[in-house]
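Engineer: Sharing data.cif (mmCIF, C-alpha atoms) below.
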data_data
#
loop_
_atom_site.label_atom_id
_atom_site.label_comp_id
_atom_site.auth_asym_id
_atom_site.auth_seq_id
_atom_site.Cartn_x
_atom_site.Cartn_y
_atom_site.Cartn_z
CA MET A 1101 23.83 -73.14 -75.96
CA ARG A 1102 26.50 -70.60 -75.03
CA ASP A 1103 25.53 -68.56 -78.07
CA PHE A 1104 21.88 -68.63 -77.02
CA VAL A 1105 22.76 -67.54 -73.48
CA ARG A 1106 24.88 -64.70 -74.82
CA ARG A 1107 22.06 -63.50 -77.06
CA ILE A 1108 19.53 -63.51 -74.21
CA GLU A 1109 21.96 -61.58 -72.05
CA SER A 1110 22.66 -58.94 -74.70
CA ALA A 1111 18.94 -58.44 -75.44
CA THR A 1112 17.96 -57.82 -71.81
CA PRO A 1113 17.54 -54.13 -70.90
CA ALA A 1114 20.14 -52.99 -68.38
CA GLY A 1115 17.58 -51.70 -65.89
CA ARG A 1116 15.41 -54.82 -65.82
CA ASP A 1117 14.85 -56.29 -62.36
CA ARG A 1118 15.55 -59.94 -63.10
CA ALA A 1119 14.51 -61.02 -59.61
CA VAL A 1120 10.88 -60.13 -60.42
CA ASP A 1121 10.98 -62.50 -63.39
CA ALA A 1122 12.53 -65.17 -61.19
CA LEU A 1123 9.72 -64.85 -58.65
CA ARG A 1124 7.14 -65.25 -61.43
CA ALA A 1125 8.94 -68.35 -62.74
CA ILE A 1126 9.12 -69.81 -59.22
CA ALA A 1127 5.41 -69.19 -58.71
CA ILE A 1128 4.39 -70.86 -61.98
CA LEU A 1129 6.70 -73.84 -61.51
CA GLY A 1130 5.50 -74.23 -57.92
CA VAL A 1131 1.88 -74.47 -59.08
CA VAL A 1132 2.82 -76.98 -61.80
CA LEU A 1133 4.84 -79.21 -59.48
CA GLY A 1134 2.17 -78.90 -56.80
CA HIS A 1135 -0.55 -80.12 -59.16
CA TRP A 1136 1.61 -83.02 -60.28
CA MET A 1137 2.35 -84.08 -56.70
CA VAL A 1138 -1.03 -83.62 -54.99
CA THR A 1139 -3.28 -84.69 -57.87
CA ALA A 1140 -3.80 -88.32 -58.81
CA LEU A 1141 -5.87 -90.01 -61.51
CA VAL A 1142 -7.02 -93.34 -60.11
CA VAL A 1143 -8.20 -96.11 -62.43
CA ASP A 1144 -11.05 -98.10 -60.91
CA SER A 1145 -13.34 -100.54 -62.72
CA GLY A 1146 -12.79 -99.00 -66.12
CA THR A 1147 -13.26 -95.41 -64.99
CA MET A 1148 -10.81 -92.71 -64.01
CA HIS A 1149 -11.39 -90.27 -61.17
CA GLY A 1150 -9.38 -87.65 -59.35
CA SER A 1151 -7.85 -88.14 -55.93
CA SER A 1152 -5.13 -86.67 -53.74
CA PRO A 1153 -2.42 -88.07 -51.46
CA LEU A 1154 -3.38 -85.39 -48.92
CA GLN A 1155 -6.69 -87.22 -48.48
CA TYR A 1156 -4.92 -90.38 -47.31
CA MET A 1157 -1.63 -89.05 -45.91
CA PRO A 1158 -2.12 -85.86 -43.87
CA ARG A 1159 1.59 -85.90 -43.00
CA PHE A 1160 2.16 -84.97 -46.63
CA THR A 1161 0.44 -81.61 -45.95
CA PRO A 1162 3.66 -79.52 -45.68
CA VAL A 1163 4.15 -80.06 -49.41
CA SER A 1164 1.17 -77.75 -49.95
CA TRP A 1165 2.95 -75.05 -47.94
CA VAL A 1166 5.89 -75.11 -50.34
CA LEU A 1167 4.13 -75.64 -53.67
CA GLN A 1168 1.01 -73.45 -53.29
CA THR A 1169 2.62 -70.27 -54.65
CA LEU A 1170 -0.34 -68.31 -56.02
CA ALA A 1171 0.19 -65.38 -53.65
CA VAL A 1172 3.66 -64.81 -55.13
CA PHE A 1173 2.16 -64.82 -58.63
CA PHE A 1174 -0.38 -62.14 -57.65
CA LEU A 1175 2.31 -60.15 -55.84
CA VAL A 1176 4.41 -60.03 -59.00
CA GLY A 1177 1.29 -59.39 -61.08
CA GLY A 1178 0.40 -56.36 -58.99
CA GLN A 1179 3.93 -54.97 -59.16
CA VAL A 1180 4.27 -55.47 -62.91
CA GLY A 1181 0.72 -54.28 -63.64
CA ALA A 1182 1.08 -51.07 -61.63
CA LYS A 1183 4.46 -50.23 -63.18
CA SER A 1184 3.20 -51.07 -66.67
CA TYR A 1185 0.13 -48.84 -66.31
CA ALA A 1186 2.21 -45.98 -64.90
CA SER A 1187 4.58 -46.27 -67.88
CA ALA A 1188 1.64 -46.32 -70.30
CA CYS A 1189 0.21 -43.17 -68.75
CA ALA A 1190 3.61 -41.48 -68.98
CA ARG A 1191 3.70 -42.30 -72.71
CA GLY A 1192 0.20 -40.93 -73.18
CA GLU A 1193 -1.21 -44.37 -73.97
CA SER A 1194 -4.92 -44.84 -73.33
CA TYR A 1195 -6.28 -47.26 -70.75
CA GLY A 1196 -8.09 -49.22 -73.46
CA ARG A 1197 -4.95 -49.78 -75.49
CA TRP A 1198 -2.96 -50.74 -72.42
CA LEU A 1199 -5.61 -53.21 -71.25
CA ARG A 1200 -6.02 -54.73 -74.71
CA SER A 1201 -2.30 -55.41 -74.88
CA ARG A 1202 -2.28 -57.04 -71.42
CA MET A 1203 -5.40 -59.13 -72.03
CA THR A 1204 -4.40 -60.38 -75.47
CA ARG A 1205 -1.36 -62.25 -74.29
CA LEU A 1206 -3.19 -63.52 -71.21
CA LEU A 1207 -6.35 -64.79 -72.89
CA ARG A 1208 -5.25 -65.92 -76.37
CA PRO A 1209 -3.53 -69.14 -75.15
CA VAL A 1210 -6.53 -69.82 -72.87
CA VAL A 1211 -8.85 -69.87 -75.89
CA VAL A 1212 -6.57 -72.41 -77.57
CA VAL A 1213 -6.53 -74.85 -74.65
CA LEU A 1214 -10.32 -74.56 -74.28
CA LEU A 1215 -10.86 -75.29 -77.98
CA VAL A 1216 -8.46 -78.25 -77.98
CA TRP A 1217 -10.07 -79.81 -74.93
CA THR A 1218 -13.61 -79.18 -76.15
CA VAL A 1219 -12.76 -81.11 -79.31
CA ALA A 1220 -10.96 -83.81 -77.28
CA ALA A 1221 -13.96 -84.24 -74.99
CA CYS A 1222 -16.34 -84.57 -77.95
CA VAL A 1223 -14.07 -87.14 -79.59
CA MET A 1224 -13.77 -89.18 -76.39
CA LEU A 1225 -17.54 -89.18 -75.84
CA ALA A 1226 -18.19 -90.10 -79.48
CA ALA A 1227 -15.72 -92.99 -79.10
CA GLY A 1228 -17.70 -94.33 -76.16
CA ALA A 1229 -15.52 -93.16 -73.29
CA ASP A 1230 -17.05 -93.18 -69.83
CA GLN A 1231 -18.75 -89.85 -69.11
CA ASP A 1232 -17.40 -89.67 -65.56
CA THR A 1233 -13.87 -90.17 -66.87
CA VAL A 1234 -14.25 -87.43 -69.48
CA ARG A 1235 -15.73 -85.12 -66.85
CA ALA A 1236 -12.82 -85.81 -64.47
CA LEU A 1237 -10.22 -85.12 -67.17
CA CYS A 1238 -11.86 -81.89 -68.33
CA LYS A 1239 -12.22 -80.69 -64.75
CA LEU A 1240 -8.54 -81.36 -64.19
CA VAL A 1241 -7.63 -79.13 -67.14
CA TRP A 1242 -10.26 -76.43 -66.80
CA SER A 1243 -10.56 -75.96 -63.03
CA PRO A 1244 -7.14 -74.26 -62.61
CA LEU A 1245 -8.26 -71.58 -65.07
CA TRP A 1246 -10.31 -69.86 -62.35
CA PHE A 1247 -7.27 -67.99 -61.11
CA LEU A 1248 -6.58 -66.57 -64.58
CA LEU A 1249 -10.08 -65.09 -64.61
CA VAL A 1250 -9.42 -63.47 -61.23
CA PHE A 1251 -6.06 -62.21 -62.47
CA ALA A 1252 -7.72 -60.73 -65.56
CA VAL A 1253 -10.28 -58.91 -63.37
CA LEU A 1254 -7.57 -57.50 -61.11
CA THR A 1255 -5.47 -56.47 -64.10
CA ALA A 1256 -8.43 -54.59 -65.58
CA ALA A 1257 -8.96 -52.88 -62.22
CA THR A 1258 -5.32 -51.86 -61.84
CA PRO A 1259 -6.00 -48.09 -62.18
CA LEU A 1260 -8.50 -48.36 -59.31
CA VAL A 1261 -6.57 -50.68 -56.98
CA ALA A 1262 -3.03 -49.44 -57.66
CA ARG A 1263 -3.22 -47.21 -54.57
CA LEU A 1264 -5.60 -49.34 -52.52
CA HIS A 1265 -4.13 -50.34 -49.17
CA PRO A 1266 -3.98 -54.16 -48.73
CA LEU A 1267 -5.76 -53.83 -45.38
CA TRP A 1268 -9.07 -53.06 -47.13
CA PRO A 1269 -9.41 -56.37 -49.03
CA PHE A 1270 -7.91 -58.14 -46.00
CA ALA A 1271 -10.73 -56.72 -43.88
CA VAL A 1272 -13.28 -58.03 -46.41
CA VAL A 1273 -11.84 -61.54 -46.11
CA LEU A 1274 -11.82 -61.31 -42.30
CA ILE A 1275 -15.43 -60.13 -42.07
CA THR A 1276 -16.56 -62.73 -44.58
CA ASP A 1277 -14.92 -65.54 -42.61
CA VAL A 1278 -16.37 -64.28 -39.31
CA TYR A 1279 -19.87 -64.45 -40.79
CA ARG A 1280 -19.19 -67.71 -42.57
CA PHE A 1281 -17.58 -69.67 -39.73
CA GLY A 1282 -17.93 -67.66 -36.52
CA LEU A 1283 -21.65 -66.97 -36.84
CA ASP A 1284 -22.43 -70.17 -38.75
CA THR A 1285 -24.03 -68.12 -41.53
CA PRO A 1286 -24.71 -69.76 -44.92
CA GLY A 1287 -21.63 -69.22 -47.02
CA GLU A 1288 -22.97 -68.42 -50.49
CA PHE A 1289 -21.72 -64.85 -50.20
CA ALA A 1290 -18.22 -66.15 -49.38
CA SER A 1291 -17.44 -66.10 -53.10
CA VAL A 1292 -16.51 -62.43 -52.60
CA ASN A 1293 -13.28 -63.80 -51.16
CA VAL A 1294 -12.31 -65.13 -54.57
CA VAL A 1295 -11.51 -61.55 -55.56
CA ALA A 1296 -10.78 -60.03 -52.15
CA GLY A 1297 -8.42 -62.81 -51.12
CA TRP A 1298 -6.12 -62.42 -54.13
CA LEU A 1299 -6.51 -58.66 -54.14
CA VAL A 1300 -4.42 -58.60 -50.94
CA PRO A 1301 -1.14 -59.77 -52.58
CA TYR A 1302 -2.01 -57.84 -55.76
CA CYS A 1303 -2.25 -54.64 -53.72
CA LEU A 1304 1.01 -55.53 -51.99
CA GLY A 1305 2.58 -55.77 -55.43
CA ALA A 1306 1.24 -52.33 -56.34
CA ALA A 1307 2.65 -50.96 -53.08
CA TRP A 1308 5.98 -52.56 -53.98
CA ALA A 1309 5.86 -50.77 -57.35
CA ARG A 1310 5.29 -47.46 -55.51
CA GLY A 1311 8.33 -48.09 -53.33
CA ASP A 1312 6.31 -48.65 -50.14
CA LEU A 1313 7.83 -52.09 -49.43
CA CYS A 1314 11.48 -51.18 -49.65
CA GLY A 1315 13.96 -52.79 -47.31
CA ARG A 1316 14.12 -56.15 -45.59
CA ARG A 1317 12.05 -54.91 -42.65
CA SER A 1318 8.83 -55.15 -44.69
CA GLY A 1319 9.74 -58.66 -45.79
CA TRP A 1320 10.41 -59.86 -42.25
CA LEU A 1321 7.20 -58.28 -40.92
CA LEU A 1322 5.11 -59.98 -43.59
CA LEU A 1323 6.89 -63.31 -43.21
CA ILE A 1324 6.77 -63.52 -39.41
CA GLY A 1325 3.35 -61.91 -39.01
CA GLY A 1326 1.77 -63.98 -41.77
CA ALA A 1327 3.30 -67.25 -40.54
CA ALA A 1328 2.25 -66.60 -36.92
CA ALA A 1329 -1.30 -65.69 -37.96
CA THR A 1330 -1.59 -68.77 -40.16
CA ALA A 1331 -0.32 -71.05 -37.39
CA GLY A 1332 -2.84 -69.56 -34.97
CA LEU A 1333 -5.72 -69.95 -37.40
CA VAL A 1334 -4.84 -73.59 -38.08
CA LEU A 1335 -4.12 -74.56 -34.46
CA TRP A 1336 -6.93 -72.67 -32.74
CA GLY A 1337 -9.22 -71.34 -35.46
CA GLY A 1338 -10.21 -74.67 -36.99
CA TYR A 1339 -8.86 -73.93 -40.47
CA PRO A 1340 -7.42 -76.82 -42.51
CA ALA A 1341 -3.64 -77.14 -42.47
CA ALA A 1342 -3.47 -77.88 -46.21
CA MET A 1343 -3.23 -74.75 -48.35
CA VAL A 1344 -4.92 -76.52 -51.26
CA GLY A 1345 -8.27 -78.25 -51.63
CA VAL A 1346 -8.41 -81.79 -50.26
CA PRO A 1347 -11.18 -84.20 -51.32
CA GLY A 1348 -13.36 -85.16 -48.40
CA LEU A 1349 -12.69 -82.11 -46.25
CA GLU A 1350 -15.69 -79.94 -45.45
CA VAL A 1351 -13.70 -76.71 -45.80
CA SER A 1352 -11.17 -75.84 -48.50
CA ASN A 1353 -8.68 -73.05 -47.95
CA LEU A 1354 -8.81 -72.23 -51.67
CA ASP A 1355 -12.45 -72.58 -52.69
CA PRO A 1356 -13.01 -69.75 -51.89
CA PRO A 1357 -9.83 -68.34 -50.29
CA THR A 1358 -10.05 -68.27 -46.51
CA LEU A 1359 -8.38 -65.95 -44.02
CA ALA A 1360 -5.78 -68.68 -43.40
CA VAL A 1361 -4.68 -68.87 -47.02
CA VAL A 1362 -4.53 -65.05 -47.17
CA THR A 1363 -2.30 -64.81 -44.08
CA PHE A 1364 -0.22 -67.66 -45.49
CA GLY A 1365 0.06 -65.63 -48.70
CA LEU A 1366 1.33 -62.66 -46.69
CA ALA A 1367 4.09 -64.87 -45.31
CA GLN A 1368 4.93 -66.02 -48.85
CA CYS A 1369 5.06 -62.41 -50.07
CA GLY A 1370 7.42 -61.57 -47.22
CA ALA A 1371 9.68 -64.47 -48.13
CA ALA A 1372 9.61 -63.36 -51.78
CA LEU A 1373 10.72 -59.84 -50.83
CA LEU A 1374 13.55 -61.23 -48.72
CA LEU A 1375 14.71 -63.35 -51.67
CA LEU A 1376 15.10 -60.37 -53.99
CA GLY A 1377 18.70 -59.64 -53.02
CA PRO A 1378 19.99 -63.23 -53.33
CA LEU A 1379 18.06 -63.71 -56.58
CA ARG A 1380 19.56 -60.56 -58.11
CA ARG A 1381 23.04 -61.81 -57.29
CA VAL A 1382 22.41 -65.27 -58.73
CA LEU A 1383 20.79 -63.86 -61.87
CA ARG A 1384 23.92 -61.95 -62.78
CA ARG A 1385 25.05 -65.28 -64.19
CA PRO A 1386 23.97 -65.28 -67.85
CA ALA A 1387 23.13 -69.01 -67.92
CA VAL A 1388 20.79 -68.74 -64.92
CA TRP A 1389 19.11 -65.66 -66.36
CA ALA A 1390 18.63 -67.37 -69.73
CA ALA A 1391 16.77 -70.23 -68.02
CA VAL A 1392 14.52 -67.81 -66.10
CA ALA A 1393 13.89 -65.73 -69.23
CA THR A 1394 12.91 -68.82 -71.21
CA VAL A 1395 10.39 -69.90 -68.57
CA ASN A 1396 8.87 -66.41 -68.44
CA LEU A 1397 8.45 -66.17 -72.20
CA SER A 1398 6.25 -69.28 -72.05
CA ALA A 1399 4.86 -69.10 -68.52
CA MET A 1400 1.23 -69.21 -69.66
CA THR A 1401 1.89 -72.12 -72.01
CA VAL A 1402 3.55 -74.09 -69.21
CA PHE A 1403 0.68 -73.42 -66.84
CA LEU A 1404 -2.11 -74.12 -69.30
CA TRP A 1405 -0.72 -77.40 -70.62
CA HIS A 1406 0.90 -79.01 -67.58
CA GLN A 1407 -2.26 -80.91 -66.66
CA THR A 1408 -2.66 -82.07 -70.24
CA ALA A 1409 0.90 -83.42 -70.10
CA MET A 1410 0.10 -85.41 -66.96
CA ILE A 1411 -3.11 -86.75 -68.50
CA ALA A 1412 -1.28 -87.77 -71.69
CA VAL A 1413 1.33 -89.71 -69.72
CA THR A 1414 -1.37 -91.32 -67.57
CA ALA A 1415 -3.43 -92.39 -70.59
CA THR A 1416 -0.38 -93.66 -72.49
CA GLY A 1417 0.79 -95.64 -69.49
CA LEU A 1418 -2.61 -97.26 -69.16
CA LEU A 1419 -2.61 -98.29 -72.82
CA VAL A 1420 0.95 -99.58 -72.81
CA GLY A 1421 1.53 -101.04 -69.36
CA GLY A 1422 -1.80 -101.30 -67.61
CA THR A 1423 -2.23 -100.00 -64.07
CA LEU A 1424 1.09 -98.52 -62.98
CA PRO A 1425 2.12 -97.42 -59.46
CA GLY A 1426 2.30 -93.69 -58.92
CA LEU A 1427 0.28 -93.11 -62.07
CA HIS A 1428 -3.02 -94.99 -61.78
CA THR A 1429 -3.04 -96.31 -58.22
CA VAL A 1430 -4.65 -94.91 -55.07
CA PRO A 1431 -2.27 -92.38 -53.45
CA ASP A 1432 -2.52 -93.87 -49.96
CA ALA A 1433 1.08 -94.81 -49.08
CA PRO A 1434 4.61 -93.35 -49.16
CA GLY A 1435 5.40 -95.73 -52.01
CA TRP A 1436 3.01 -93.75 -54.21
CA VAL A 1437 4.95 -90.56 -53.51
CA LEU A 1438 8.25 -92.19 -54.48
CA ALA A 1439 6.69 -93.62 -57.63
CA ARG A 1440 5.18 -90.24 -58.54
CA LEU A 1441 8.59 -88.58 -58.14
CA ALA A 1442 9.97 -91.12 -60.62
CA TRP A 1443 7.27 -90.10 -63.12
CA LEU A 1444 8.10 -86.40 -62.97
CA PRO A 1445 10.77 -86.54 -65.73
CA VAL A 1446 8.18 -88.16 -68.01
CA PHE A 1447 5.66 -85.43 -67.19
CA ILE A 1448 8.31 -82.81 -67.99
CA THR A 1449 9.04 -84.46 -71.34
CA ALA A 1450 5.33 -84.47 -72.24
CA LEU A 1451 5.06 -80.83 -71.17
CA MET A 1452 8.01 -79.94 -73.42
CA ILE A 1453 6.15 -81.49 -76.35
CA CYS A 1454 3.08 -79.38 -75.53
CA TRP A 1455 5.32 -76.33 -75.21
CA LEU A 1456 6.80 -76.90 -78.66
CA ALA A 1457 3.33 -77.25 -80.15
CA PHE A 1458 1.58 -74.32 -78.47
CA ARG A 1459 4.14 -71.73 -77.31
CA GLY A 1460 3.56 -69.55 -80.37
CA TYR A 1461 -0.01 -68.73 -79.36
CA GLU A 1462 1.23 -67.03 -76.20
CA GLN A 1463 3.48 -64.70 -78.17
CA GLY A 1464 1.04 -63.98 -80.97
CA ARG A 1465 2.70 -65.99 -83.69
CA SER A 1466 2.07 -69.38 -85.20
CA PRO A 1467 4.06 -72.18 -83.54
CA LYS A 1468 6.20 -72.64 -86.65
CA LYS A 1469 7.30 -69.02 -86.57
CA SER A 1470 7.56 -68.64 -82.82
CA VAL A 1471 11.24 -68.17 -82.12
CA VAL A 1472 12.96 -66.04 -79.55
CA ILE A 1473 16.05 -65.47 -81.67
CA ARG A 1474 15.80 -63.41 -84.79
CA LYS A 1475 18.68 -62.46 -87.11
CA GLY A 1476 21.21 -63.97 -84.77
CA ARG A 1477 20.01 -62.35 -81.53
CA PRO A 1478 16.85 -62.23 -79.42
CA SER A 1479 14.43 -59.50 -80.33
CA ARG A 1480 14.09 -56.55 -77.94
CA SER A 1481 10.32 -57.07 -77.89
CA ALA A 1482 10.87 -60.65 -76.76
CA ALA A 1483 13.15 -59.47 -73.99
CA ARG A 1484 10.54 -56.99 -72.80
CA ARG A 1485 7.94 -59.76 -72.64
CA VAL A 1486 10.09 -61.93 -70.36
#
I'd like the structure from this file rewritten - as structure tokens, please.

Structural biologist:
Amino acid sequence: MRDFVRRIESATPAGRDRAVDALRAIAILGVVLGHWMVTALVVDSGTMHGSSPLQYMPRFTPVSWVLQTLAVFFLVGGQVGAKSYASACARGESYGRWLRSRMTRLLRPVVVVLLVWTVAACVMLAAGADQDTVRALCKLVWSPLWFLLVFAVLTAATPLVARLHPLWPFAVVLITDVYRFGLDTPGEFASVNVVAGWLVPYCLGAAWARGDLCGRRSGWLLLIGGAAATAGLVLWGGYPAAMVGVPGLEVSNLDPPTLAVVTFGLAQCGAALLLLGPLRRVLRRPAVWAAVATVNLSAMTVFLWHQTAMIAVTATGLLVGGTLPGLHTVPDAPGWVLARLAWLPVFITALMICWLAFRGYEQGRSPKKSVVIRKGRPSRSAARRV
């Protein structure tokens, strides 16, 4: 292990901002843990359907404030995308070549998970599985992919939005919500917020890359202003307090993004900027940096397969032990939360198995040949991908 840590450390470029990688890792792991804690697969009369503890225990809502970290992911995406495109232009690289490189690593592992689950769904249906159960499982795996599509669109538009002020997409979200809720206008057009809502933190990331968000003052303004605006919208604007979708609620803050989730994202971006200094100090430790680097090299694999890991554990538990608390039961009591926490190590183990099987597709190599270390030290190309 010490040898591995030493190799990661020696392969990392001296000028790399490790805190940016840490923020990306935090964002991905927050989404994974959030899905595991607020999503339940309930077994009822031979069928399996999705549920959420937030539906039965509103006091559990603050968990969604901590674990809904998509704004941080888009913030980092905007910063990295803008810097990457600027570097490509400086090298004389064409837009098409730059975009192809970015999209390949993003979309290749998505194709794999879609193929695997298409085959799995066909096999389950052919074996006589309940259609509602198969539909629930596929939705659980495929529905989180929406944000990758949005991220791909924003990445492709980086040359156009790299200098766009975040207030412009923020204004689009505000106007859309005024028409949607304030004027009681049919909300079909609200889907524009799917792009506009996440364009706000993406533009903040691009501004960060330009040096426009330097200093702790920007972080405090975003954190305090975003938190105050979110509190006002929830307390007096009628927006849901949960920053994720909750079954049974008429309005979801995420589908499509509302003004409340955008202001909440501003607060998260502010907190992320304030964490840069402490993160940089902590990441001087080679062991901590090696852990962050490892997560970043397989961030897409972790995200794409974490729901599959939960489903595998849930199905195995049903076959081996029947209906188990925290795994197959209705999430309507604090005991479910405690039981679900006890299952997390098992979910992590299943995710590690998925990671071993599929990590190579993210890096463009077959799983058998996908290794970070080559000839006794990590490759420079691997370090650049972290």

Engineer: When distances are computed from only C-alpha atoms, which of A:Val1213, A:Ala1307, A:Met1148, A:Ala1399 shows the smallest separation from Arg1235 of chain A?

Structural biologist: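 Nearest candidate to Arg1235 of chain A out of A:Val1213, A:Ala1307, A:Met1148, A:Ala1399: A:Met1148.
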
Engineer: Would you mind telling me which residue in A:Val1294, A:Val1250, A:Leu1240, A:Leu1123 lies nearest to Cys1369 of chain A when using all atoms listed in the file?

Structural biologist: A:Leu1123

Engineer: List the spatial neighbours of Gly1305 of chain A as a VMD selection string - criterion: any atom at most 9 Å away, only C-alpha atoms, same-chain residues fewer than 2 positions off excluded.

Structural biologist: chain A and resid 1174 to 1182 1262 1300 to 1303 1307 to 1310 1313 1369

Engineer: For this structure, which residues satisfy the selection - the PyMOL selection byres ((chain A and resi 1350-1357) around 8) - when it is evaluated on the file as given? I want them as a compact mmCIF listing (two decimals) with C-alpha atoms, in the frame of the given file.

Structural biologist:
# COMPACT_ATOMS: atom_id res chain seq x y z
CA ALA A 1290 -18.22 -66.15 -49.38
CA SER A 1291 -17.44 -66.10 -53.10
CA ASN A 1293 -13.28 -63.80 -51.16
CA VAL A 1294 -12.31 -65.13 -54.57
CA GLY A 1297 -8.42 -62.81 -51.12
CA TRP A 1298 -6.12 -62.42 -54.13
CA TYR A 1339 -8.86 -73.93 -40.47
CA PRO A 1340 -7.42 -76.82 -42.51
CA ALA A 1342 -3.47 -77.88 -46.21
CA MET A 1343 -3.23 -74.75 -48.35
CA VAL A 1344 -4.92 -76.52 -51.26
CA GLY A 1345 -8.27 -78.25 -51.63
CA VAL A 1346 -8.41 -81.79 -50.26
CA GLY A 1348 -13.36 -85.16 -48.40
CA LEU A 1349 -12.69 -82.11 -46.25
CA THR A 1358 -10.05 -68.27 -46.51
CA LEU A 1359 -8.38 -65.95 -44.02
CA ALA A 1360 -5.78 -68.68 -43.40
CA VAL A 1361 -4.68 -68.87 -47.02
CA VAL A 1362 -4.53 -65.05 -47.17

Engineer: Calculate how many Å separate atom CA of Gly1377 of chain A from atom CA of Ala1329 of chain A, rounding to one decimal.

Structural biologist: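 Going from atom CA of Gly1377 of chain A over to atom CA of Ala1329 of chain A, I get 25.8 Å.
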
Engineer: Got a sec: who's within 8 Å of segment 1379-1391 of chain A, counting only C-alpha atoms, leaving out chain neighbours fewer than 6 positions off, as number ranges by chain?

Structural biologist: A: 1105-1106, 1108-1109, 1117-1119, 1122
